[in-house]
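Undergrad: This one is run-v1.txt, compact mmCIF, C-alpha atoms (C1' of nucleotides).
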```txt
# COMPACT_ATOMS: atom_id res chain seq x y z
CA MET A 14 0.00 0.00 0.00
CA GLY A 15 2.97 2.25 -0.29
CA SER A 16 6.70 2.18 -0.49
CA PRO A 17 8.79 2.38 2.67
CA LEU A 18 8.87 5.75 4.35
CA PRO A 19 12.22 7.42 4.92
CA ARG A 20 11.59 7.62 8.66
CA ASP A 21 9.60 5.60 11.15
CA PRO A 22 6.29 7.47 11.51
CA ILE A 23 5.75 6.13 15.02
CA ALA A 24 9.15 7.36 16.19
CA GLU A 25 8.22 10.72 14.75
CA ALA A 26 4.90 10.75 16.57
CA ARG A 27 6.74 10.01 19.78
CA GLN A 28 9.03 13.00 19.22
CA ASN A 29 6.05 15.20 18.52
CA TRP A 30 4.49 14.07 21.77
CA GLU A 31 7.66 14.95 23.66
CA ARG A 32 7.92 18.33 21.96
CA HIS A 33 4.42 19.19 23.10
CA GLY A 34 5.10 18.44 26.75
CA TRP A 35 3.53 15.00 26.87
CA GLY A 36 6.82 13.23 27.43
CA ASP A 37 5.42 11.28 30.36
CA VAL A 38 3.09 9.28 28.09
CA ALA A 39 5.00 9.44 24.81
CA ALA A 40 6.55 6.00 25.17
CA PRO A 41 3.34 4.07 25.92
CA MET A 42 1.59 6.04 23.16
CA ALA A 43 4.25 4.87 20.73
CA ALA A 44 4.05 1.29 21.97
CA ILE A 45 0.28 1.23 21.59
CA THR A 46 0.50 2.69 18.10
CA ALA A 47 3.11 0.07 17.22
CA ILE A 48 0.77 -2.68 18.38
CA MET A 49 -1.97 -1.25 16.17
CA ARG A 50 0.29 -1.14 13.14
CA THR A 51 1.73 -4.60 13.75
CA GLN A 52 -1.75 -6.04 13.95
CA GLN A 53 -2.59 -4.37 10.65
CA ILE A 54 0.46 -5.90 8.95
CA LEU A 55 -0.21 -9.37 10.36
CA LEU A 56 -3.88 -9.30 9.48
CA GLY A 57 -2.95 -8.33 5.94
CA ARG A 58 -0.62 -11.31 5.62
CA ILE A 59 -3.20 -13.68 7.05
CA GLU A 60 -5.98 -12.49 4.77
CA THR A 61 -3.68 -12.79 1.76
CA VAL A 62 -3.03 -16.44 2.57
CA LEU A 63 -6.70 -17.18 3.27
CA LYS A 64 -8.09 -15.47 0.19
CA PRO A 65 -7.49 -18.44 -2.17
CA PHE A 66 -9.58 -20.56 0.20
CA GLY A 67 -12.44 -18.07 0.10
CA LEU A 68 -11.98 -17.44 3.81
CA THR A 69 -11.55 -14.32 5.88
CA PHE A 70 -9.77 -14.33 9.23
CA ALA A 71 -13.05 -14.10 11.12
CA ARG A 72 -14.45 -17.14 9.35
CA TYR A 73 -11.18 -19.04 9.69
CA GLU A 74 -11.12 -18.50 13.43
CA LEU A 75 -14.61 -19.87 13.80
CA LEU A 76 -13.83 -22.86 11.61
CA THR A 77 -10.73 -23.66 13.64
CA LEU A 78 -12.52 -23.26 16.93
CA LEU A 79 -15.13 -25.78 15.82
CA SER A 80 -12.47 -28.20 14.61
CA PHE A 81 -11.10 -28.34 18.15
CA ALA A 82 -14.44 -28.86 19.85
CA ARG A 83 -14.77 -32.37 21.26
CA SER A 84 -18.30 -32.91 20.04
CA GLY A 85 -17.64 -31.06 16.81
CA ALA A 86 -20.43 -28.62 17.66
CA LEU A 87 -20.69 -25.44 19.71
CA PRO A 88 -23.52 -23.14 20.77
CA MET A 89 -23.21 -19.74 19.14
CA ASN A 90 -22.89 -17.93 22.45
CA LYS A 91 -19.99 -20.17 23.42
CA ALA A 92 -18.27 -19.36 20.14
CA SER A 93 -18.87 -15.68 20.73
CA ALA A 94 -17.34 -15.88 24.20
CA LEU A 95 -14.30 -17.91 23.14
CA LEU A 96 -13.55 -15.77 20.10
CA GLN A 97 -14.23 -12.65 22.15
CA VAL A 98 -16.33 -10.96 19.51
CA HIS A 99 -19.86 -9.64 19.48
CA PRO A 100 -22.63 -12.21 18.98
CA THR A 101 -23.74 -10.49 15.80
CA SER A 102 -20.30 -11.03 14.32
CA VAL A 103 -20.72 -14.75 14.88
CA THR A 104 -24.15 -14.67 13.27
CA ASN A 105 -22.62 -12.97 10.27
CA ALA A 106 -19.72 -15.43 9.99
CA VAL A 107 -21.99 -18.44 10.39
CA ASP A 108 -24.33 -17.12 7.69
CA ARG A 109 -21.48 -17.03 5.19
CA LEU A 110 -19.85 -20.28 6.24
CA GLU A 111 -23.21 -21.98 6.00
CA GLN A 112 -23.75 -20.63 2.49
CA ALA A 113 -20.35 -22.03 1.57
CA GLY A 114 -21.36 -25.42 2.97
CA LEU A 115 -18.61 -25.43 5.61
CA VAL A 116 -20.82 -25.40 8.71
CA ALA A 117 -24.42 -26.23 9.53
CA ARG A 118 -26.84 -24.83 12.08
CA SER A 119 -28.88 -27.20 14.21
CA PRO A 120 -31.26 -26.68 17.13
CA HIS A 121 -30.02 -27.38 20.62
CA PRO A 122 -31.57 -30.64 21.91
CA THR A 123 -32.80 -29.25 25.23
CA ASP A 124 -32.58 -25.44 25.09
CA GLY A 125 -34.88 -23.95 22.49
CA ARG A 126 -33.09 -20.62 22.55
CA THR A 127 -29.76 -22.00 21.52
CA THR A 128 -28.43 -22.76 18.05
CA LEU A 129 -25.57 -25.19 17.58
CA ILE A 130 -23.01 -24.80 14.82
CA GLU A 131 -21.28 -27.86 13.50
CA LEU A 132 -18.54 -28.46 10.96
CA THR A 133 -19.45 -30.28 7.78
CA SER A 134 -16.89 -32.69 6.40
CA GLY A 135 -16.00 -30.06 3.81
CA GLY A 136 -15.54 -27.59 6.60
CA ARG A 137 -13.20 -29.90 8.43
CA THR A 138 -11.06 -30.38 5.35
CA MET A 139 -11.02 -26.66 4.70
CA ALA A 140 -9.89 -25.96 8.27
CA LYS A 141 -7.00 -28.39 7.91
CA ARG A 142 -5.84 -26.94 4.61
CA ALA A 143 -6.13 -23.33 5.69
CA THR A 144 -4.24 -24.03 8.91
CA ALA A 145 -1.46 -25.74 7.01
CA ALA A 146 -1.15 -22.71 4.75
CA LEU A 147 -1.11 -20.25 7.65
CA ASN A 148 1.43 -22.31 9.57
CA ALA A 149 3.72 -22.38 6.56
CA GLU A 150 3.27 -18.83 5.30
CA VAL A 151 2.59 -16.71 8.36
CA PHE A 152 3.22 -18.33 11.73
CA GLY A 153 6.36 -20.08 10.54
CA LYS A 154 7.74 -16.86 9.08
CA SER A 155 6.68 -14.35 11.68
CA GLY A 156 10.12 -12.81 11.86
CA PHE A 157 10.04 -12.77 15.66
CA ALA A 158 12.99 -14.35 17.43
CA ASP A 159 12.14 -17.14 19.87
CA ASP A 160 13.08 -15.00 22.84
CA ASP A 161 10.90 -12.18 21.61
CA VAL A 162 7.96 -14.53 21.13
CA GLU A 163 8.18 -15.67 24.73
CA HIS A 164 8.51 -12.11 25.93
CA LEU A 165 5.50 -10.99 23.88
CA LEU A 166 3.43 -13.85 25.25
CA ARG A 167 4.29 -12.92 28.80
CA VAL A 168 3.75 -9.16 28.46
CA LEU A 169 0.59 -9.39 26.38
CA GLY A 170 -0.71 -12.21 28.54
CA ASN A 171 -0.42 -10.03 31.62
CA PHE A 172 -2.09 -7.21 29.78
CA ARG A 173 -5.01 -9.33 28.66
CA LYS A 174 -5.46 -10.76 32.10
CA ALA A 175 -5.47 -7.29 33.67
CA ALA A 176 -8.01 -6.23 31.03
CA GLY A 177 -10.32 -8.98 32.25
CA ASP A 178 -10.02 -11.46 29.42
CA PHE A 179 -9.59 -14.42 31.73
CA THR A 180 -9.14 -15.27 35.39
CA ASP A 181 -7.06 -18.40 35.18
CA MET B 4 -18.92 -8.20 25.71
CA GLY B 5 -18.51 -11.03 28.12
CA SER B 6 -17.28 -11.87 31.56
CA PRO B 7 -13.78 -13.26 32.09
CA LEU B 8 -13.20 -16.76 30.83
CA PRO B 9 -11.98 -19.40 33.26
CA ARG B 10 -8.93 -20.11 31.10
CA ASP B 11 -6.85 -18.10 28.66
CA PRO B 12 -8.26 -18.97 25.23
CA ILE B 13 -4.94 -18.22 23.53
CA ALA B 14 -3.04 -20.56 25.82
CA GLU B 15 -5.61 -23.19 24.97
CA ALA B 16 -5.18 -22.61 21.25
CA ARG B 17 -1.45 -23.01 21.68
CA GLN B 18 -1.98 -26.39 23.39
CA ASN B 19 -4.29 -27.46 20.61
CA TRP B 20 -1.64 -26.57 18.08
CA GLU B 21 0.91 -28.64 19.93
CA ARG B 22 -1.46 -31.58 20.24
CA HIS B 23 -1.94 -31.61 16.49
CA GLY B 24 1.75 -31.77 15.70
CA TRP B 25 2.27 -28.11 14.91
CA GLY B 26 4.47 -27.49 17.93
CA ASP B 27 7.11 -25.78 15.83
CA VAL B 28 4.82 -22.83 15.08
CA ALA B 29 2.56 -22.93 18.13
CA ALA B 30 4.42 -20.19 20.01
CA PRO B 31 4.47 -17.61 17.19
CA MET B 32 0.83 -18.45 16.43
CA ALA B 33 -0.03 -17.66 20.04
CA ALA B 34 2.01 -14.46 20.01
CA ILE B 35 0.33 -13.24 16.83
CA THR B 36 -3.10 -14.05 18.22
CA ALA B 37 -2.20 -12.17 21.40
CA ILE B 38 -1.22 -9.12 19.35
CA MET B 39 -4.58 -9.27 17.58
CA ARG B 40 -6.49 -9.46 20.83
CA THR B 41 -4.44 -6.74 22.51
CA GLN B 42 -5.11 -4.42 19.60
CA GLN B 43 -8.81 -5.13 19.93
CA ILE B 44 -8.78 -4.24 23.63
CA LEU B 45 -6.78 -1.07 23.11
CA LEU B 46 -8.90 0.08 20.21
CA GLY B 47 -11.98 -0.42 22.34
CA ARG B 48 -10.58 1.77 25.11
CA ILE B 49 -9.56 4.47 22.66
CA GLU B 50 -12.92 4.56 20.92
CA THR B 51 -14.69 4.77 24.28
CA VAL B 52 -12.68 7.86 25.19
CA LEU B 53 -13.17 9.46 21.77
CA LYS B 54 -16.89 8.83 21.50
CA PRO B 55 -17.93 11.89 23.57
CA PHE B 56 -15.98 14.02 21.10
CA GLY B 57 -17.81 12.52 18.15
CA LEU B 58 -14.53 11.09 16.88
CA THR B 59 -13.40 7.64 15.84
CA PHE B 60 -9.79 6.53 16.02
CA ALA B 61 -9.35 6.87 12.27
CA ARG B 62 -10.53 10.47 12.31
CA TYR B 63 -8.54 11.27 15.42
CA GLU B 64 -5.35 10.02 13.81
CA LEU B 65 -5.90 12.22 10.79
CA LEU B 66 -6.71 15.22 12.95
CA THR B 67 -3.56 14.72 15.00
CA LEU B 68 -1.40 14.23 11.95
CA LEU B 69 -2.62 17.55 10.57
CA SER B 70 -2.03 19.29 13.87
CA PHE B 71 1.66 18.37 13.63
CA ALA B 72 2.10 19.47 10.03
CA ARG B 73 4.26 22.56 9.74
CA SER B 74 2.03 24.35 7.28
CA GLY B 75 -1.11 22.99 8.91
CA ALA B 76 -2.08 21.36 5.62
CA LEU B 77 -1.24 18.06 3.94
CA PRO B 78 -1.98 16.50 0.55
CA MET B 79 -4.28 13.52 0.88
CA ASN B 80 -1.71 11.15 -0.55
CA LYS B 81 0.82 12.26 2.07
CA ALA B 82 -1.71 11.60 4.81
CA SER B 83 -2.43 8.19 3.34
CA ALA B 84 1.26 7.32 3.30
CA LEU B 85 1.98 8.56 6.82
CA LEU B 86 -1.07 6.89 8.36
CA GLN B 87 -0.36 3.77 6.30
CA VAL B 88 -3.93 3.28 5.22
CA HIS B 89 -5.60 3.03 1.85
CA PRO B 90 -6.30 6.32 0.05
CA THR B 91 -10.02 5.59 0.06
CA SER B 92 -9.96 5.40 3.83
CA VAL B 93 -8.56 8.91 3.94
CA THR B 94 -11.25 10.12 1.56
CA ASN B 95 -13.83 8.59 3.87
CA ALA B 96 -12.35 10.17 7.00
CA VAL B 97 -11.98 13.58 5.37
CA ASP B 98 -15.59 13.48 4.19
CA ARG B 99 -16.81 13.08 7.73
CA LEU B 100 -14.37 15.48 9.34
CA GLU B 101 -15.32 18.06 6.75
CA GLN B 102 -19.01 17.60 7.52
CA ALA B 103 -18.19 18.14 11.19
CA GLY B 104 -16.37 21.34 10.32
CA LEU B 105 -13.03 20.11 11.65
CA VAL B 106 -11.07 20.11 8.40
CA ALA B 107 -11.41 21.77 5.00
CA ARG B 108 -10.40 20.65 1.52
CA SER B 109 -8.58 23.09 -0.73
CA PRO B 110 -6.97 22.70 -4.14
CA HIS B 111 -3.21 22.38 -4.38
CA PRO B 112 -1.71 25.63 -5.69
CA THR B 113 0.39 24.04 -8.43
CA ASP B 114 -0.76 20.43 -8.87
CA GLY B 115 -4.31 20.18 -10.10
CA ARG B 116 -4.56 16.53 -9.16
CA THR B 117 -3.89 17.10 -5.52
CA THR B 118 -6.27 18.08 -2.75
CA LEU B 119 -4.97 19.62 0.45
CA ILE B 120 -6.62 19.01 3.79
CA GLU B 121 -6.31 21.66 6.44
CA LEU B 122 -7.40 21.93 10.04
CA THR B 123 -10.03 24.49 10.89
CA SER B 124 -9.66 26.31 14.19
CA GLY B 125 -12.36 24.08 15.57
CA GLY B 126 -10.42 21.08 14.37
CA ARG B 127 -7.29 22.27 16.11
CA THR B 128 -9.14 22.71 19.38
CA MET B 129 -10.73 19.31 19.03
CA ALA B 130 -7.37 17.66 18.39
CA LYS B 131 -5.95 19.21 21.57
CA ARG B 132 -8.88 18.13 23.71
CA ALA B 133 -9.05 14.62 22.37
CA THR B 134 -5.32 14.14 22.82
CA ALA B 135 -5.51 15.33 26.41
CA ALA B 136 -8.27 12.82 27.07
CA LEU B 137 -6.40 9.94 25.44
CA ASN B 138 -3.18 10.79 27.27
CA ALA B 139 -5.01 10.78 30.58
CA GLU B 140 -7.31 7.82 30.06
CA VAL B 141 -5.43 5.43 27.80
CA PHE B 142 -1.76 6.14 27.23
CA GLY B 143 -1.19 7.14 30.85
CA LYS B 144 -2.92 3.99 32.08
CA SER B 145 -1.70 1.43 29.58
CA GLY B 146 -0.76 -1.05 32.29
CA PHE B 147 2.57 -1.78 30.61
CA ALA B 148 5.66 -1.46 32.79
CA ASP B 149 8.31 0.94 31.53
CA ASP B 150 10.67 -1.91 30.72
CA ASP B 151 7.99 -3.70 28.77
CA VAL B 152 7.19 -0.56 26.80
CA GLU B 153 10.79 -0.24 25.72
CA HIS B 154 10.94 -3.89 24.82
CA LEU B 155 7.75 -3.70 22.81
CA LEU B 156 9.03 -0.67 20.93
CA ARG B 157 12.22 -2.47 20.03
CA VAL B 158 10.65 -5.78 18.99
CA LEU B 159 7.75 -4.28 17.10
CA GLY B 160 10.00 -1.65 15.56
CA ASN B 161 12.22 -4.36 14.13
CA PHE B 162 9.18 -6.20 12.88
CA ARG B 163 7.74 -3.15 11.16
CA LYS B 164 11.04 -2.33 9.58
CA ALA B 165 11.44 -5.88 8.27
CA ALA B 166 7.89 -5.65 6.94
CA GLY B 167 8.93 -2.65 4.86
CA ASP B 168 7.24 0.13 6.78
CA PHE B 169 10.30 2.37 6.75
CA THR B 170 13.95 2.35 5.79
CA ASP B 171 15.34 4.75 8.36
C1' DT C 9 -49.51 -21.58 37.99
C1' DC C 10 -48.05 -17.41 35.98
C1' DC C 11 -45.60 -13.21 35.39
C1' DA C 12 -41.30 -10.88 35.46
C1' DT C 13 -36.77 -11.33 34.45
C1' DA C 14 -32.92 -13.17 32.08
C1' DC C 15 -30.92 -15.15 28.11
C1' DC C 16 -30.16 -16.39 22.93
C1' DC C 17 -30.17 -15.23 18.38
C1' DT C 18 -31.31 -12.24 14.37
C1' DT C 19 -32.28 -7.94 11.81
C1' DG C 20 -31.14 -3.27 10.49
C1' DG C 21 -28.03 0.58 10.70
C1' DA C 22 -23.55 3.06 11.11
C1' DA C 23 -18.60 2.94 10.73
C1' DG C 24 -14.15 1.35 9.24
C1' DT C 25 -11.11 -1.28 5.91
C1' DC C 26 -9.85 -2.72 1.37
C1' DC C 27 -10.37 -3.52 -3.77
C1' DT C 28 -11.57 -2.35 -8.52
C1' DA C 29 -12.55 0.92 -11.70
C1' DG C 30 -13.09 5.55 -13.47
C1' DT C 31 -11.99 10.60 -14.17
C1' DA C 32 -8.89 14.28 -14.16
C1' DT C 33 -4.30 16.16 -14.17
C1' DA C 34 1.10 15.76 -14.76
C1' DT C 35 5.05 14.11 -16.69
C1' DT C 36 7.88 11.80 -19.99
C1' DG C 37 9.53 10.28 -24.47
C1' DC C 38 9.49 10.57 -29.25
C1' DG D 17 3.92 19.38 -29.47
C1' DC D 18 1.47 15.13 -28.65
C1' DA D 19 0.67 10.59 -27.34
C1' DA D 20 1.64 7.24 -23.71
C1' DT D 21 2.34 6.56 -19.06
C1' DA D 22 1.97 7.68 -14.25
C1' DT D 23 -0.27 9.88 -10.35
C1' DA D 24 -4.26 11.75 -7.36
C1' DC D 25 -8.62 11.46 -5.82
C1' DT D 26 -13.40 9.55 -5.74
C1' DA D 27 -17.47 6.26 -6.52
C1' DG D 28 -19.39 1.76 -5.66
C1' DG D 29 -19.19 -2.77 -3.63
C1' DA D 30 -17.80 -6.48 -0.28
C1' DC D 31 -16.49 -7.41 4.27
C1' DT D 32 -16.12 -7.02 9.40
C1' DT D 33 -17.23 -4.82 13.71
C1' DC D 34 -20.31 -2.88 16.94
C1' DC D 35 -24.80 -1.06 18.79
C1' DA D 36 -29.84 -0.91 19.40
C1' DA D 37 -33.97 -3.19 19.15
C1' DG D 38 -37.06 -7.10 18.74
C1' DG D 39 -39.02 -11.93 19.09
C1' DG D 40 -38.67 -16.40 21.08
C1' DT D 41 -37.49 -19.43 25.04
C1' DA D 42 -36.12 -20.60 30.16
C1' DT D 43 -36.19 -19.90 34.83
C1' DG D 44 -37.52 -18.47 39.43
C1' DG D 45 -40.39 -16.22 42.90
C1' DA D 46 -45.03 -15.02 44.46
```
Please render this file's structure as structure tokens.

TA:
Amino acid sequence: MGSPLPRDPIAEARQNWERHGWGDVAAPMAAITAIMRTQQILLGRIETVLKPFGLTFARYELLTLLSFARSGALPMNKASALLQVHPTSVTNAVDRLEQAGLVARSPHPTDGRTTLIELTSGGRTMAKRATAALNAEVFGKSGFADDDVEHLLRVLGNFRKAAGDFTD
Amino acid sequence: MGSPLPRDPIAEARQNWERHGWGDVAAPMAAITAIMRTQQILLGRIETVLKPFGLTFARYELLTLLSFARSGALPMNKASALLQVHPTSVTNAVDRLEQAGLVARSPHPTDGRTTLIELTSGGRTMAKRATAALNAEVFGKSGFADDDVEHLLRVLGNFRKAAGDFTD
DNA sequence: TCCATACCCTTGGAAGTCCTAGTATATTGC
DNA sequence: GCAATATACTAGGACTTCCAAGGGTATGGA
């Protein structure tokens, strides 16, 4: 989306913050902006790999979650909670995956309010193939050193816990 | 959007990866997923703070970028490059900021293809206020220790550079 | 038992992102 | 000087996200 810039725009933002007397929060501002940008880059790579499969990241995540479910099926509200997205986003993703024949909706046996989503065999195959591609093209080539990966997991794990993601 | 989960869903995903024989990429997969989720949390906090100002993060970033421009005006393509978003996203943001009276479009004096965007006085005031709020409510309370901030800046800076964001 | 409350999912709307294509203006090469 | 190429912005469409609101189903207390 553009050739490399001559200077790091986030480093420049940090300097601007300091120049305006906000030096006390300039560093965390820069770190947060860097997280935003890194996410953008990673999401772009992921979507590029998934595009040939007709998948987006949101749909891939749901597919993978289902592939790990013991019974092969999950209530929609469970999926929403585990993926940490709004229930309407799950509705949307399921609509499209269902149209593509990768998942199926079925009524919950005892709770009439609940809808179960289940992988079709095609969906299971698709999940395997897409995961193999992502492992090879993105996760296996992240560019992060092993030490940095562990450090990221620790720091971001603490952050997510403090933000109330999980109690553990 | 949901109460805390009993277990960290990303740690669980990592275990699932390992169980399926993808142990060699399980750690970077988890780190990348953690970056995604952290970005989601941070963006949520930012948007909550900006909402009373009638701003979204995309519009705030543009407003702030303009407030740091020497001349107070920038060509749209420059803004697109510095914010590292698609040109159509800038068009969209400018449309709405213009409707709100915070920026104005003007033709470039010598290049007929180019449109300049300029802060209005109201836009300048808004940028100051919104930045003060974000500094107080988000950047000043990030929850990251100083050491972790420096580490994040280094690791993510290397990543962004390797991804071609800047040459420096 | 029955009504109020809580929960689950879906619809419709607003916002952001990107892509593709189209129009207008510059620049470059012959 | 003029045609071919490159650049700048915008229009329309697909996608995701969230919020607000609504209809259907469970559950629990009077």

Undergrad: Could you tell me how far atom CA of Glu50 of chain B lies from atom C1' of DC16 of chain C, in Å and to one decimal?

TA: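 Distance reported for this atom pair: 27.2 Å.
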
Undergrad: Suppose you want the space between atom CA of Leu77 of chain B and atom CA of Glu64 of chain B; what is it in Å?

TA: 13.4 Å

Undergrad: Quick check, in Å to one decimal: how far apart do atom CA of Leu66 of chain B and atom C1' of DA23 of chain C lie?

TA: 17.2 Å

Undergrad: Any idea what's packed within 7 Å of segment 22-37 of chain D, counting all atoms listed in the file, ignoring anything in its chain fewer than 6 positions away? Could you give it as a PyMOL selection string?

TA: (chain A and resi 102) or (chain B and resi 116-117)

Undergrad: So that I have them on file, write out the residues from the current selection with C-alpha atoms, as a compact mmCIF listing (two decimals), in the frame of the given file.

TA:
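File produced: result.txt:
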```txt
# COMPACT_ATOMS: atom_id res chain seq x y z
CA SER A 102 -20.30 -11.03 14.32
CA ARG B 116 -4.56 16.53 -9.16
CA THR B 117 -3.89 17.10 -5.52
```

Undergrad: Go through A:Arg72, A:Lys154, A:Lys91, A:Lys141 one by one, measure the shortest atom-to-atom distance of each to chain D using all atoms listed in the file, and give the residue with the smallest value.

TA: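 Distance minimum relative to chain D lands on A:Arg72.
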
Undergrad: Can you tell me, as a ChimeraX atom specification, what residues are no more than 10 Å from Gly160 of chain B when counting all atoms listed in the file, ignoring any on the same chain fewer than 4 positions away?

TA: /A:21,23-24,44,47-48,51 /B:154-156,164-166,168-169

Undergrad: Mind listing as a PDB file with C-alpha atoms, in the coordinates of the input all residues within 9 Å of (-6.9, -28.7, 15.8), counting only C-alpha atoms (C1' of nucleotides)?

TA:
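File result-v1.pdb, as written:
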```pdb
ATOM      1  CA  THR A  77     -10.730 -23.660  13.640  1.00  0.00           C
ATOM      2  CA  LEU A  78     -12.520 -23.260  16.930  1.00  0.00           C
ATOM      3  CA  LEU A  79     -15.130 -25.780  15.820  1.00  0.00           C
ATOM      4  CA  SER A  80     -12.470 -28.200  14.610  1.00  0.00           C
ATOM      5  CA  PHE A  81     -11.100 -28.340  18.150  1.00  0.00           C
ATOM      6  CA  ALA A  82     -14.440 -28.860  19.850  1.00  0.00           C
ATOM      7  CA  ALA A 140      -9.890 -25.960   8.270  1.00  0.00           C
ATOM      8  CA  LYS A 141      -7.000 -28.390   7.910  1.00  0.00           C
ATOM      9  CA  THR A 144      -4.240 -24.030   8.910  1.00  0.00           C
TER      10      THR A 144
ATOM     11  CA  ALA B  16      -5.180 -22.610  21.250  1.00  0.00           C
ATOM     12  CA  ASN B  19      -4.290 -27.460  20.610  1.00  0.00           C
ATOM     13  CA  TRP B  20      -1.640 -26.570  18.080  1.00  0.00           C
ATOM     14  CA  GLU B  21       0.910 -28.640  19.930  1.00  0.00           C
ATOM     15  CA  ARG B  22      -1.460 -31.580  20.240  1.00  0.00           C
ATOM     16  CA  HIS B  23      -1.940 -31.610  16.490  1.00  0.00           C
TER      17      HIS B  23
END
```
